[in-house]
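Beneath this line is the structure, given in structure tokens, with notes to follow.
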Amino acid sequence: MPHIPILNDGTPLSELINHDTREVAMRTLSDEQIYQVEMKKIFAKTWVFLGHETEIPNSGDFLVRDMGSDSVLVTRDKDGDIHVALNVCPHRGMKISTHDSGNTPIHTCIYHGWAFKPNGDFVGAPADKECMHGKMMTKQQLGLKKARVAEYGGLIFATWNIEGPSFEEFLGDAKWYFDTLWCRTIEGMEVLGPPQRFVIRANWKTACEQSASDGFHTMTLHRWLGEVGPYAKKPDEEGKGGDLSPEMYGSEVWTDHGHTMRCIDLDRKIRRITGKDPSALSAREKLELLPPPGITPEMVPQLLERFSDEQLELMSWRPPQVGNFFPNGLFEFIYLPQPDGTVVGAMALHAYIPKGPDKLEFVNWILAEKDTPPELKAKMLRQSVQLLGTSGMVEQDDSDTWPHQTIVAKGAMSADITLKYQACYETKPPSWPGPGHVGDGFTKDDTQWQWWQYWYELMTA
Amino acid sequence: MTHADDNATALAAAELKTLLEPTPLPMLDTSKRISAADPLHTELMEFLVDEAEMLDNLQFKAWGATLAEDLEYNAPLRRTRTTRQQDQTVVRTVQHLHEDFGSMQLRIMRVADTTSAWGEDPPSRTRRFISNIRAYRTEQANEYLVRSYELVTRSRFDFDDFDLIPCERYDILRRDGVSFKLARREILLDQVVVGTPNLGIFL
Ligand code: FES
Ligand SMILES: [Fe+2]
């Protein structure tokens, strides 16, 4: 039985989304009440991305992160296990840690001194013999509120839905694809440092619906890419100067739980870089000629060993290059042409943290494989910083757009204007190696529409 | 793990850190302070305020011409730590800006030569307030280390609030004829979570 939230003016949420015409009313982008429902029904229910295990390599290491509107501690205990618990003291509600990361075997609340283990268990209060916590509740009842944790390819996720679906169920069909990104090597990935963090005065969904594989905006909002620099098209090349449309071809994948990706075709790049005909090359040859971001030709045997022929076909032909983790994660595994004709990869992961209906925090992690040669890691880091995140020449344009959508969504008339997702795929690729829903050809809106459909499913669950 | 393994891992981590981070900042020698009464101090100050004027007036190409070809231009991340752990508050592996001459020229081309740098078009109205200038001679006869405070106010569109970007800068200015070239800049932002939607402006 769907449970449809009714807003204060009597409007049921169902009136803000039109499933036949694939429209969503702009009111959803800035409504305080909808935001409160989202925090409970989405961020307190699904698996939420919090960080990478290499951010807390040692016993006692911890991070302070956000699960929706709640601050949490992400910790590693002395057995090496990772825990996530609410960063709120069960005594009188002081924040347990006011740092952003650090190391401590015991978390002591500075207010009245209650102490907790990294796993959240209550150790005791000062003057233990005076039993400061009283006798009404046991020590066991007075621990930090614990979330359920999943680790996947080094990524840390958590949920408050203790009995809910497993992380694998949550990923669903996306797992087959995500494995080719996050689980490529035996050693696994590492962060190259703590994440960049900055604030944008925009609703979290403006960033997140875009993260669900909006291809179109690349041609226009990021048009400068075609105008100057190493990505600019020479006028005699395919596509006129400044025309990014040839980059828009490939496949897009969307899955039931709103995880989506753009699998952009590599054939043109392979042809340009190597002068060879990609259709005459094996997956292995293509992977060696143009290895995925962070991978070198020497590392390709690891891929051959780990992945099925179908996955290798995907990776060497149309690898996922940008996409999202529902609800608020975005990943980029991009191939960046250099002035000297080579290609350097960049791997980044963003979380768009809701900070009220009109504000989000952009958190940007930059990653590499542990096995990536150090010199290449350094190059990947610089590339990522220059294009993505705080000062990224590409993502600056995004961060300046979302506030306007959020502001106009408040207008009495504008609130009823709809976001439209009406460009639908009409063809599937003739043969496609993977699961999920797939469209073929020029970018379309199906991925973003799927994001909203799952949003609605959770909001009315 | 054996002791030898531990050592090897620590060594590899240190090596990687060196590669990821910019070259270390040159040491500041307080005995080489240039007095504010010294005309050289005035010259250095004029460079900084002229630079602010160019950037506030969107003269990006002119500003680009003041950059040295071996430029390193960085803005580290900040972290919140206790008083006794203040040495851990600056992160130089992942940074907000991690630039060299080539990448700065590309940034300048983006805002000066394209018609679609939407993040800064229309441009922000900015004002760069430069103060607390302290200058030092260095090992290199033609290079001066200059520290300054900068407060940038940034106004976008018809927004009635300003983004404030306060920072301290650690510059190396190199003598170049009658003026200087910027050979090195580190921008130490005061915020852990930067309070402006992007660093699409130059600091
Ligand atoms: S609020 Fe934490 S000990 Fe009292
Ligand atoms: Fe974008």
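Within each chain, counting starts at residue 1; across the structure tokens, chains are named A, B, ... in the order shown, with ligands numbered 1 upward in that order.
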| message | Residues of chain A within 9 Å of chain B, counting only C-alpha atoms - could you list those as a ChimeraX atom specification? | response | /A:98-102,192-201,220-225,227-229,361-362,365-366,374-375,377-379,381-382,385-386,389-401
| Residues at most 9 Å from ligand 1, using only C-alpha atoms and all ligand atoms? Could they come as a count of residues only? | 18
| 7 Å contact set for Phe62 in chain A, only C-alpha atoms, chain neighbours under 3 positions out, as a PyMOL selection string | chain A and resi 56+73-76+101-103
Store the residues picked out above in a file with N, CA, C and O atoms, as a PDB file, in the first residue's frame.
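New file result_33.pdb:
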```pdb
ATOM      1  N   ILE A  56      40.681   5.647   6.888  1.00  0.00           N
ATOM      2  CA  ILE A  56      40.848   5.259   8.292  1.00  0.00           C
ATOM      3  C   ILE A  56      41.626   3.944   8.351  1.00  0.00           C
ATOM      4  O   ILE A  56      41.088   2.912   8.753  1.00  0.00           O
ATOM      5  N   LEU A  73      29.761   9.142  13.241  1.00  0.00           N
ATOM      6  CA  LEU A  73      31.170   8.780  13.381  1.00  0.00           C
ATOM      7  C   LEU A  73      31.411   7.529  12.558  1.00  0.00           C
ATOM      8  O   LEU A  73      30.650   6.560  12.665  1.00  0.00           O
ATOM      9  N   VAL A  74      32.455   7.546  11.744  1.00  0.00           N
ATOM     10  CA  VAL A  74      32.868   6.354  11.001  1.00  0.00           C
ATOM     11  C   VAL A  74      34.206   5.954  11.602  1.00  0.00           C
ATOM     12  O   VAL A  74      35.158   6.739  11.551  1.00  0.00           O
ATOM     13  N   THR A  75      34.280   4.780  12.207  1.00  0.00           N
ATOM     14  CA  THR A  75      35.457   4.444  13.015  1.00  0.00           C
ATOM     15  C   THR A  75      36.043   3.096  12.615  1.00  0.00           C
ATOM     16  O   THR A  75      35.367   2.263  12.019  1.00  0.00           O
ATOM     17  N   ARG A  76      37.313   2.904  12.986  1.00  0.00           N
ATOM     18  CA  ARG A  76      37.915   1.568  12.856  1.00  0.00           C
ATOM     19  C   ARG A  76      38.346   1.133  14.257  1.00  0.00           C
ATOM     20  O   ARG A  76      39.014   1.883  14.966  1.00  0.00           O
ATOM     21  N   SER A 101      38.100  14.506  11.444  1.00  0.00           N
ATOM     22  CA  SER A 101      38.715  13.185  11.394  1.00  0.00           C
ATOM     23  C   SER A 101      39.769  13.173  12.489  1.00  0.00           C
ATOM     24  O   SER A 101      40.072  14.203  13.073  1.00  0.00           O
ATOM     25  N   GLY A 102      40.333  12.003  12.758  1.00  0.00           N
ATOM     26  CA  GLY A 102      41.360  11.932  13.788  1.00  0.00           C
ATOM     27  C   GLY A 102      41.587  10.505  14.227  1.00  0.00           C
ATOM     28  O   GLY A 102      41.213   9.566  13.516  1.00  0.00           O
ATOM     29  N   ASN A 103      42.216  10.353  15.381  1.00  0.00           N
ATOM     30  CA  ASN A 103      42.467   9.020  15.923  1.00  0.00           C
ATOM     31  C   ASN A 103      42.302   9.044  17.432  1.00  0.00           C
ATOM     32  O   ASN A 103      42.879   9.901  18.108  1.00  0.00           O
TER      33      ASN A 103
END
```
| request: For range 13-26 of chain A, work out the shell of residues within 10 Å, counting only C-alpha atoms and skipping chain neighbours fewer than 3 positions away, then give it as number ranges by chain. | output: A: 3-7, 10, 29-31, 34, 405-406, 408-411, 413-424, 445-446, 449-450, 452-453, 456, 459-460
| said: Let's see if you can do this: from backbone DSSP, list all helix (DSSP H, G or I) residues in chain B, as a PyMOL selection string. | reply: chain B and resi 3-20+30-32+39-56+60-64+83-88+101-113+118-120
| request: Determine the nearest neighbour of Leu50 in chain A from the options A:Gly329, A:Pro430, A:Pro12, A:Gly124, counting only C-alpha atoms. | output: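 With only C-alpha atoms as the atom set, the closest residue is A:Gly329.
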| message | From a backbone DSSP assignment, name each residue in range 298-416 of chain A labelled strand (DSSP E), as a ChimeraX atom specification. | response | /A:320-325,329-337,343-354,360-369
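Take CA of Phe331 in chain A and CA of Tyr177 in chain A: the distance between them is 12.5 Å.
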